[in-house]
>>> print(open('query.cif').read())   # mmCIF, C-alpha atoms
data_upload
#
loop_
_atom_site.label_atom_id
_atom_site.label_comp_id
_atom_site.auth_asym_id
_atom_site.auth_seq_id
_atom_site.Cartn_x
_atom_site.Cartn_y
_atom_site.Cartn_z
CA MET I 116 0.00 0.00 0.00
CA LYS I 117 1.40 3.38 -1.02
CA VAL I 118 1.24 5.89 1.83
CA VAL I 119 1.91 9.59 2.33
CA PHE I 120 2.34 10.43 5.99
CA PHE I 121 1.22 13.75 7.49
CA GLY I 122 2.50 14.46 11.02
CA THR I 123 4.72 16.67 13.12
CA PRO I 124 5.33 15.99 16.86
CA ASP I 125 6.68 13.06 18.89
CA PHE I 126 3.15 11.70 19.17
CA ALA I 127 3.19 10.86 15.45
CA VAL I 128 6.60 9.16 15.41
CA PRO I 129 5.61 5.61 16.54
CA THR I 130 3.00 5.44 13.79
CA LEU I 131 5.51 6.42 11.11
CA GLU I 132 7.98 3.92 12.56
CA LYS I 133 5.37 1.13 12.31
CA LEU I 134 4.72 1.97 8.67
CA LEU I 135 8.41 2.05 7.83
CA GLU I 136 9.16 -1.33 9.41
CA ASN I 137 6.24 -3.09 7.68
CA LYS I 138 7.02 -4.36 4.19
CA ASP I 139 3.35 -4.19 3.21
CA PHE I 140 3.55 -0.39 3.19
CA GLU I 141 5.62 1.99 1.10
CA VAL I 142 5.94 5.49 2.54
CA LEU I 143 6.26 7.69 -0.55
CA GLY I 144 6.81 10.90 1.39
CA VAL I 145 6.17 12.87 4.55
CA VAL I 146 4.36 16.18 4.96
CA THR I 147 5.27 18.03 8.15
CA GLN I 148 5.39 21.53 9.58
CA PRO I 149 8.31 23.85 8.70
CA ASP I 150 11.40 23.79 10.90
CA LYS I 151 11.07 26.02 13.97
CA ARG I 152 13.51 27.87 16.15
CA ARG I 153 13.85 26.23 19.53
CA GLU I 154 14.85 27.74 22.86
CA ARG I 155 18.36 26.32 23.06
CA GLY I 156 20.57 28.41 20.78
CA ASN I 157 17.52 29.57 18.78
CA LYS I 158 18.53 27.17 16.00
CA LEU I 159 16.15 25.98 13.34
CA THR I 160 15.12 22.47 14.39
CA PRO I 161 13.25 19.90 12.32
CA SER I 162 10.09 18.29 13.65
CA PRO I 163 10.49 14.80 15.17
CA VAL I 164 8.64 13.37 12.16
CA LYS I 165 11.00 15.08 9.70
CA ALA I 166 14.02 13.83 11.63
CA LEU I 167 12.79 10.25 11.32
CA ALA I 168 11.92 10.64 7.64
CA THR I 169 15.34 12.12 6.90
CA ASP I 170 17.05 9.20 8.65
CA HIS I 171 15.19 6.86 6.27
CA HIS I 172 15.87 9.01 3.18
CA ILE I 173 12.18 9.69 2.59
CA PRO I 174 11.13 12.83 0.66
CA VAL I 175 9.79 15.57 2.93
CA TRP I 176 7.43 18.45 2.14
CA GLN I 177 7.19 21.38 4.57
CA PRO I 178 4.77 23.95 3.17
CA GLU I 179 3.91 26.97 5.28
CA ARG I 180 0.29 26.67 4.12
CA LEU I 181 -0.38 23.37 2.42
CA LYS I 182 -3.73 24.42 0.93
CA LYS I 183 -2.03 27.31 -0.90
CA ASP I 184 1.16 25.51 -1.98
CA VAL I 185 0.53 24.67 -5.64
CA GLU I 186 3.84 22.83 -6.13
CA THR I 187 3.32 20.50 -3.15
CA LEU I 188 -0.30 19.86 -4.06
CA THR I 189 0.69 18.98 -7.63
CA GLN I 190 3.33 16.52 -6.44
CA LEU I 191 0.97 14.90 -3.94
CA LYS I 192 -1.60 14.30 -6.66
CA GLN I 193 0.96 12.99 -9.14
CA ILE I 194 2.32 10.26 -6.86
CA GLU I 195 -1.11 8.58 -6.71
CA ALA I 196 -0.99 7.32 -3.14
CA ASP I 197 -3.43 4.72 -1.89
CA VAL I 198 -3.93 6.51 1.41
CA PHE I 199 -2.86 9.59 3.33
CA VAL I 200 -2.21 8.90 7.02
CA VAL I 201 -2.66 11.98 9.21
CA ILE I 202 -1.65 12.24 12.86
CA ALA I 203 -1.12 15.54 14.67
CA TYR I 204 -0.02 17.29 11.47
CA GLY I 205 -1.08 20.79 12.52
CA GLN I 206 -2.83 22.09 9.41
CA ILE I 207 -6.36 21.67 8.04
CA LEU I 208 -6.61 19.59 4.85
CA SER I 209 -8.84 20.94 2.09
CA LYS I 210 -11.40 18.78 0.29
CA LYS I 211 -9.07 18.81 -2.73
CA ILE I 212 -6.39 17.09 -0.62
CA LEU I 213 -8.84 14.73 1.09
CA ASP I 214 -10.02 13.49 -2.32
CA MET I 215 -6.53 12.68 -3.66
CA PRO I 216 -5.78 9.18 -2.29
CA LYS I 217 -7.74 6.13 -3.47
CA LEU I 218 -8.78 4.97 0.01
CA GLY I 219 -9.09 8.44 1.50
CA CYS I 220 -7.32 10.13 4.40
CA VAL I 221 -7.11 8.19 7.67
CA ASN I 222 -6.63 10.18 10.86
CA VAL I 223 -5.34 8.77 14.16
CA HIS I 224 -7.03 10.80 16.91
CA GLY I 225 -6.14 10.72 20.61
CA SER I 226 -9.60 10.22 22.10
CA ILE I 227 -12.70 8.08 21.89
CA LEU I 228 -14.70 10.12 19.42
CA PRO I 229 -17.00 12.01 19.36
CA GLN I 230 -15.60 13.02 22.76
CA TYR I 231 -12.69 15.48 22.74
CA ARG I 232 -12.53 16.55 19.14
CA GLY I 233 -9.94 19.24 18.52
CA ALA I 234 -6.35 20.20 19.16
CA ALA I 235 -5.62 18.94 22.69
CA PRO I 236 -7.71 15.85 23.48
CA ILE I 237 -5.13 14.18 25.71
CA GLN I 238 -4.53 17.24 27.90
CA TRP I 239 -8.21 18.04 28.40
CA SER I 240 -9.17 14.43 29.16
CA VAL I 241 -6.65 14.44 32.02
CA TYR I 242 -7.71 17.91 33.16
CA ASN I 243 -11.32 16.74 33.35
CA GLY I 244 -10.39 13.74 35.48
CA GLU I 245 -11.34 11.08 32.95
CA THR I 246 -10.35 7.55 33.94
CA GLU I 247 -10.31 6.22 30.39
CA THR I 248 -9.50 7.50 26.93
CA GLY I 249 -8.18 5.91 23.76
CA ILE I 250 -7.57 6.16 20.05
CA THR I 251 -10.06 6.45 17.20
CA THR I 252 -9.15 6.08 13.55
CA ILE I 253 -11.43 7.99 11.20
CA LEU I 254 -11.93 8.67 7.51
CA MET I 255 -11.34 12.39 7.37
CA ASP I 256 -13.84 14.89 6.03
CA LYS I 257 -13.58 18.67 5.88
CA GLY I 258 -14.75 19.09 9.50
CA MET I 259 -12.63 19.10 12.67
CA ASP I 260 -12.41 15.41 13.65
CA THR I 261 -15.96 14.83 12.38
CA GLY I 262 -15.29 12.01 9.90
CA ASP I 263 -16.76 8.52 10.01
CA MET I 264 -15.14 6.25 12.60
CA LEU I 265 -13.18 3.15 11.60
CA LEU I 266 -11.65 1.46 14.68
CA LYS I 267 -11.24 2.29 18.38
CA THR I 268 -9.03 1.14 21.22
CA ASN I 269 -9.36 2.11 24.89
CA THR I 270 -6.62 3.08 27.37
CA PRO I 271 -7.04 3.62 31.14
CA ILE I 272 -5.82 6.88 32.68
CA GLU I 273 -4.03 6.24 35.97
CA LEU I 274 -4.24 8.75 38.84
CA LEU I 275 -0.58 9.82 38.48
CA ASP I 276 -0.45 9.80 34.67
CA ASN I 277 0.30 13.21 33.23
CA ALA I 278 -0.45 14.24 29.66
CA GLN I 279 3.06 13.37 28.49
CA VAL I 280 2.95 9.85 29.94
CA LEU I 281 -0.52 9.29 28.54
CA ALA I 282 0.50 10.58 25.11
CA GLU I 283 3.35 8.07 25.02
CA LYS I 284 0.93 5.23 25.77
CA LEU I 285 -1.56 6.44 23.17
CA ALA I 286 1.11 6.95 20.54
CA ILE I 287 2.05 3.28 20.76
CA SER I 288 -1.53 1.98 20.75
CA GLY I 289 -2.38 4.42 17.94
CA ALA I 290 0.42 3.07 15.78
CA GLU I 291 -0.86 -0.48 16.19
CA LEU I 292 -4.46 0.53 15.53
CA LEU I 293 -3.47 2.41 12.37
CA ILE I 294 -1.84 -0.67 10.85
CA GLU I 295 -4.92 -2.78 11.65
CA THR I 296 -7.13 -0.06 10.19
CA LEU I 297 -5.23 0.09 6.89
CA TYR I 298 -5.30 -3.68 6.42
CA LYS I 299 -9.05 -3.88 7.07
CA LEU I 300 -9.78 -0.79 4.99
CA GLU I 301 -7.99 -2.24 1.97
CA ARG I 302 -9.83 -5.56 2.40
CA GLN I 303 -13.15 -3.75 2.84
CA GLU I 304 -13.55 -5.34 6.27
CA ILE I 305 -14.54 -2.06 7.95
CA LYS I 306 -17.87 -0.33 7.70
CA PRO I 307 -17.28 3.36 8.57
CA ILE I 308 -19.64 4.52 11.33
CA PRO I 309 -20.92 8.12 11.40
CA GLN I 310 -20.31 9.99 14.63
CA ASP I 311 -23.13 11.13 16.89
CA HIS I 312 -22.52 14.85 16.51
CA THR I 313 -24.95 15.66 19.33
CA ALA I 314 -22.61 13.88 21.77
CA ALA I 315 -19.47 15.70 20.63
CA THR I 316 -17.22 17.61 23.01
CA TYR I 317 -14.25 19.79 22.08
CA ALA I 318 -10.66 20.01 23.26
CA SER I 319 -9.59 23.54 22.42
CA LEU I 320 -6.08 24.91 22.16
CA ILE I 321 -4.55 25.43 25.59
CA GLN I 322 -4.06 29.09 26.51
CA LYS I 323 -1.54 30.62 28.91
CA PRO I 324 -4.20 31.40 31.59
CA ASP I 325 -4.96 27.66 31.74
CA TYR I 326 -1.58 27.18 33.43
CA SER I 327 -2.31 29.42 36.41
CA LEU I 328 -3.05 27.58 39.65
CA ASP I 329 -5.69 28.78 42.09
CA TRP I 330 -5.45 27.22 45.54
CA GLY I 331 -9.14 27.89 46.08
CA GLN I 332 -9.82 24.94 43.76
CA THR I 333 -10.14 21.45 45.23
CA ALA I 334 -7.13 19.17 45.61
CA ILE I 335 -8.27 16.86 42.82
CA GLN I 336 -9.02 19.77 40.47
CA LEU I 337 -5.52 21.16 41.00
CA HIS I 338 -3.95 17.72 40.64
CA ASN I 339 -5.74 17.15 37.33
CA GLN I 340 -4.80 20.61 36.04
CA ILE I 341 -1.13 20.07 36.92
CA ARG I 342 -0.88 16.69 35.22
CA GLY I 343 -3.16 17.65 32.33
CA PHE I 344 -1.12 20.72 31.38
CA TYR I 345 2.24 19.24 32.39
CA PRO I 346 4.84 20.69 32.75
CA HIS I 347 3.56 24.27 32.61
CA CYS I 348 1.29 24.90 35.62
CA THR I 349 2.51 27.77 37.74
CA ALA I 350 2.02 29.05 41.28
CA SER I 351 4.13 31.64 43.11
CA PHE I 352 6.59 31.24 45.95
CA ARG I 353 8.36 34.08 47.76
CA ASN I 354 7.36 36.46 44.95
CA GLN I 355 8.79 34.22 42.23
CA PRO I 356 7.06 31.88 39.76
CA LEU I 357 7.03 28.25 40.84
CA LYS I 358 6.15 25.48 38.42
CA ILE I 359 4.43 22.55 40.04
CA THR I 360 4.87 19.46 37.90
CA ALA I 361 3.67 16.53 40.04
CA THR I 362 1.30 16.23 42.99
CA VAL I 363 -0.66 13.67 45.02
CA PRO I 364 -4.21 14.37 46.27
CA LEU I 365 -4.37 13.20 49.89
CA GLU I 366 -7.91 11.94 50.12
CA ALA I 367 -8.70 8.37 51.13
CA ALA I 368 -10.42 7.54 47.84
CA TYR I 369 -7.35 8.57 45.84
CA ILE I 370 -4.68 7.20 48.17
CA GLN I 371 -5.98 3.71 47.39
CA GLU I 372 -5.09 4.22 43.71
CA LEU I 373 -1.44 5.18 44.33
CA PRO I 374 1.64 3.02 43.67
CA GLU I 375 2.41 0.71 46.60
CA GLN I 376 5.27 2.66 48.19
CA LEU I 377 3.40 5.96 48.39
CA PRO I 378 0.37 4.98 50.51
CA GLU I 379 2.66 3.41 53.07
CA LYS I 380 4.51 6.71 53.57
CA ILE I 381 1.33 8.77 53.46
CA HIS I 382 -0.41 6.67 56.09
CA LYS I 383 2.50 7.38 58.44
CA ILE I 384 1.78 11.14 58.41
CA PRO I 385 0.40 11.86 61.89
CA ASN I 386 -3.14 13.28 62.16
CA LEU I 387 -3.50 13.69 58.39
CA SER I 388 -7.29 13.89 58.67
CA THR I 389 -7.13 16.77 61.16
CA ILE I 390 -4.60 18.96 59.31
CA SER I 391 -6.05 22.16 57.86
CA GLY I 392 -5.18 25.75 56.97
CA GLU I 393 -5.85 28.53 54.50
CA PRO I 394 -5.82 27.74 50.76
CA GLY I 395 -2.19 27.80 49.63
CA GLU I 396 -0.79 27.33 53.14
CA VAL I 397 1.91 24.72 53.79
CA VAL I 398 0.25 22.72 56.57
CA ASN I 399 2.70 19.83 56.87
CA ILE I 400 6.18 18.81 55.81
CA THR I 401 6.74 15.06 55.54
CA LYS I 402 10.26 13.68 55.51
CA GLY I 403 11.14 12.04 52.22
CA LEU I 404 8.01 13.32 50.49
CA GLY I 405 7.77 17.11 50.74
CA ALA I 406 5.28 19.85 51.53
CA ILE I 407 1.56 19.36 51.94
CA VAL I 408 -0.58 22.33 50.91
CA GLN I 409 -4.16 23.15 51.89
CA THR I 410 -6.50 23.69 48.94
CA GLY I 411 -10.09 24.87 48.75
CA ALA I 412 -11.09 21.33 49.66
CA GLY I 413 -8.53 18.68 50.58
CA LEU I 414 -4.76 18.48 50.87
CA LEU I 415 -2.21 18.29 48.07
CA LEU I 416 1.31 16.87 48.32
CA LEU I 417 3.86 18.69 46.15
CA ARG I 418 5.75 15.76 44.67
CA GLU I 419 7.84 17.67 42.09
CA VAL I 420 8.41 21.37 41.47
CA GLN I 421 10.66 23.63 39.40
CA LEU I 422 12.03 26.96 40.59
CA THR I 423 12.76 29.66 38.01
CA GLY I 424 16.07 28.94 36.28
CA LYS I 425 16.42 25.54 37.96
CA ARG I 426 15.81 21.96 36.96
CA PRO I 427 12.78 20.07 38.26
CA GLN I 428 13.33 18.68 41.74
CA SER I 429 11.53 16.42 44.15
CA GLY I 430 9.22 17.92 46.72
CA TRP I 431 11.60 16.87 49.49
CA ASP I 432 14.60 18.52 47.79
CA PHE I 433 12.51 21.66 47.38
CA VAL I 434 11.79 21.71 51.12
CA ASN I 435 15.46 21.27 52.00
CA GLY I 436 16.79 23.68 49.41
CA THR I 437 14.47 26.53 50.36
CA ARG I 438 14.20 25.69 54.08
CA LEU I 439 10.48 25.75 53.67
CA THR I 440 8.50 25.88 56.91
CA VAL I 441 4.96 25.02 57.95
CA GLY I 442 2.77 28.09 57.73
CA GLU I 443 4.42 29.56 54.60
CA MET I 444 2.12 30.34 51.67
CA ILE I 445 2.30 29.10 48.10
CA GLY I 446 0.56 31.81 46.08
CA ASN I 447 -1.71 31.52 43.06
CA GLY I 448 -0.20 31.54 39.60
#
>>> encode(input="query.cif", output="structure tokens")
Amino acid sequence: MKVVFFGTPDFAVPTLEKLLENKDFEVLGVVTQPDKRRERGNKLTPSPVKALATDHHIPVWQPERLKKDVETLTQLKQIEADVFVVIAYGQILSKKILDMPKLGCVNVHGSILPQYRGAAPIQWSVYNGETETGITTILMDKGMDTGDMLLKTNTPIELLDNAQVLAEKLAISGAELLIETLYKLERQEIKPIPQDHTAATYASLIQKPDYSLDWGQTAIQLHNQIRGFYPHCTASFRNQPLKITATVPLEAAYIQELPEQLPEKIHKIPNLSTISGEPGEVVNITKGLGAIVQTGAGLLLLREVQLTGKRPQSGWDFVNGTRLTVGEMIGNG
């Protein structure tokens, strides 16, 4: 099967790798976003998908605006691909492009559609406290993730999974599902199923205000925000920004879901159920774990933080390095 692959970030890499290692598929070319300047040295850096394609000597197209790039569009039509595979490419495909391949354009989407259509399904599913998500392959149409569904696979979301960890899991399962989808599509073993548009929800682009923490929220709300928008959520500490990158909500219902070693340490905290304070107040410091902060409802253990200009550090190292004391305040972001 002749394939053109559309993708840009790390999330798309396992799928391209699966296609490249399978002799039943020939990747004719890759379409990805233009190189961007990165923070370190401000050098132009290729996307992860381009880097992989280059390593395998595959032709790469990087149009600024694909729909307007006549040369790229002409070449894509001329190569007569069987299918276009699209995963986190970053640009909308016009109907002209969607109609080019014989079998259509197959998208690998990081949610169980019609839930979480849009740009950031993984992040918002964690933010909203979902306990399960997955991958849906769809035949693309001109809408935003509105095409007919092909196959689905489900993935549990663990209490301490952040968006990055979950994306890595979904990228692997998505790669496997894509291969299965292409085989069954070619053999006409799949009947595309229209989505129930009335049940659709949307995962919009994440904005900078979404990263700001408000200690008036509940412990579980803050925990889900921190792991959903990892590693960007910000509070303030001693008049400086403080990124909080990992937490543990200290409520009985959630403690039962933690890895084995953590509940044992948490249960040793004296009088945990009677500790209280003002939202944002450090109400306990536990050796080997770190600071416990009062929220609008419930307590939150700061498991990992990052001071401005520093590398991420454990909550316990943060306590020792700053000589944090009970009664100090962690401000809102």
>>> resolve_selection(input="query.cif", expression="the PyMOL selection byres ((chain I and resi 314) around 10)", output="compact mmCIF listing (two decimals) with C-alpha atoms, in the frame of the given file")
# COMPACT_ATOMS: atom_id res chain seq x y z
CA LEU I 228 -14.70 10.12 19.42
CA PRO I 229 -17.00 12.01 19.36
CA GLN I 230 -15.60 13.02 22.76
CA GLN I 310 -20.31 9.99 14.63
CA ASP I 311 -23.13 11.13 16.89
CA HIS I 312 -22.52 14.85 16.51
CA THR I 313 -24.95 15.66 19.33
CA ALA I 315 -19.47 15.70 20.63
CA THR I 316 -17.22 17.61 23.01
>>> resolve_selection(input="query.cif", expression="the PyMOL selection byres ((chain I and resi 252) around 9)", output="PyMOL selection string")
chain I and resi 221-225+250-251+253-254+263-267+289+292-293+296
>>> closest_residue(input="query.cif", among="I:Lys117, I:His172, I:Lys183, I:Lys257", to="Ile207 in chain I", atoms="all atoms listed in the file")
I:Lys257
>>> closest_atom_pairs(input="query.cif", of="range 120-173 of chain I", to="range 191-198 of chain I", cutoff="9 Å", atoms="only C-alpha atoms", output="tab-separated table")
residue	atom	partner	partner_atom	distance
I:Phe120	CA	I:Val198	CA	8.7
I:Leu143	CA	I:Ala196	CA	7.7
I:Gly144	CA	I:Leu191	CA	8.9
>>> resolve_selection(input="query.cif", expression="the PyMOL selection byres ((chain I and resi 400) around 10)", output="PyMOL selection string")
chain I and resi 384+397-399+401-408+416-417+430-431+434+439-441
>>> atom_distance(input="query.cif", atom1="CA of Asp125 in chain I", atom2="CA of Pro163 in chain I")
5.6 Å
>>> residues_around(input="query.cif", residues="Gly413 in chain I", least_positions_apart="5", cutoff="7 Å", atoms="all atoms listed in the file", output="ChimeraX atom specification")
/I:333-334,365-366
>>> residues_around(input="query.cif", residues="Asn243 in chain I", least_positions_apart="2", cutoff="9 Å", atoms="only C-alpha atoms", output="list in words")
Gln238, Trp239, Ser240, Val241, Glu245, Gln336, Asn339, Gln340 and Gly343 of chain I
>>> residues_around(input="query.cif", residues="Ala282 in chain I", least_positions_apart="2", cutoff="12 Å", atoms="only C-alpha atoms", output="VMD selection string")
chain I and resid 124 to 129 203 224 to 226 235 to 241 248 to 250 270 to 272 276 to 280 284 to 290 342 to 343 345
>>> residues_around(input="query.cif", residues="Trp176 in chain I", least_positions_apart="2", cutoff="8 Å", atoms="all atoms listed in the file", output="PyMOL selection string")
chain I and resi 144-147+174+178+187
>>> axis_aligned_box(input="query.cif", around="range 246-250 of chain I", padding_each_side="6 Å", output="lines of an AutoDock Vina configuration file")
center_x = -9.0
center_y = 6.7
center_z = 27.0
size_x = 14.8
size_y = 13.6
size_z = 25.9
>>> residues_near_point(input="query.cif", point="(7.6, 18.5, 40.3)", cutoff="10 Å", atoms="only C-alpha atoms", output="list in words")
Ile341, Tyr345, Pro346, Leu357, Lys358, Ile359, Thr360, Ala361, Thr362, Leu417, Arg418, Glu419, Val420, Gln421, Leu422, Arg426, Pro427, Gln428, Ser429, Gly430 and Phe433 of chain I
>>> atom_distance(input="query.cif", atom1="CA of Thr261 in chain I", atom2="CA of Tyr242 in chain I")
22.6 Å
>>> atom_distance(input="query.cif", atom1="CA of Pro356 in chain I", atom2="CA of Tyr326 in chain I")
11.7 Å
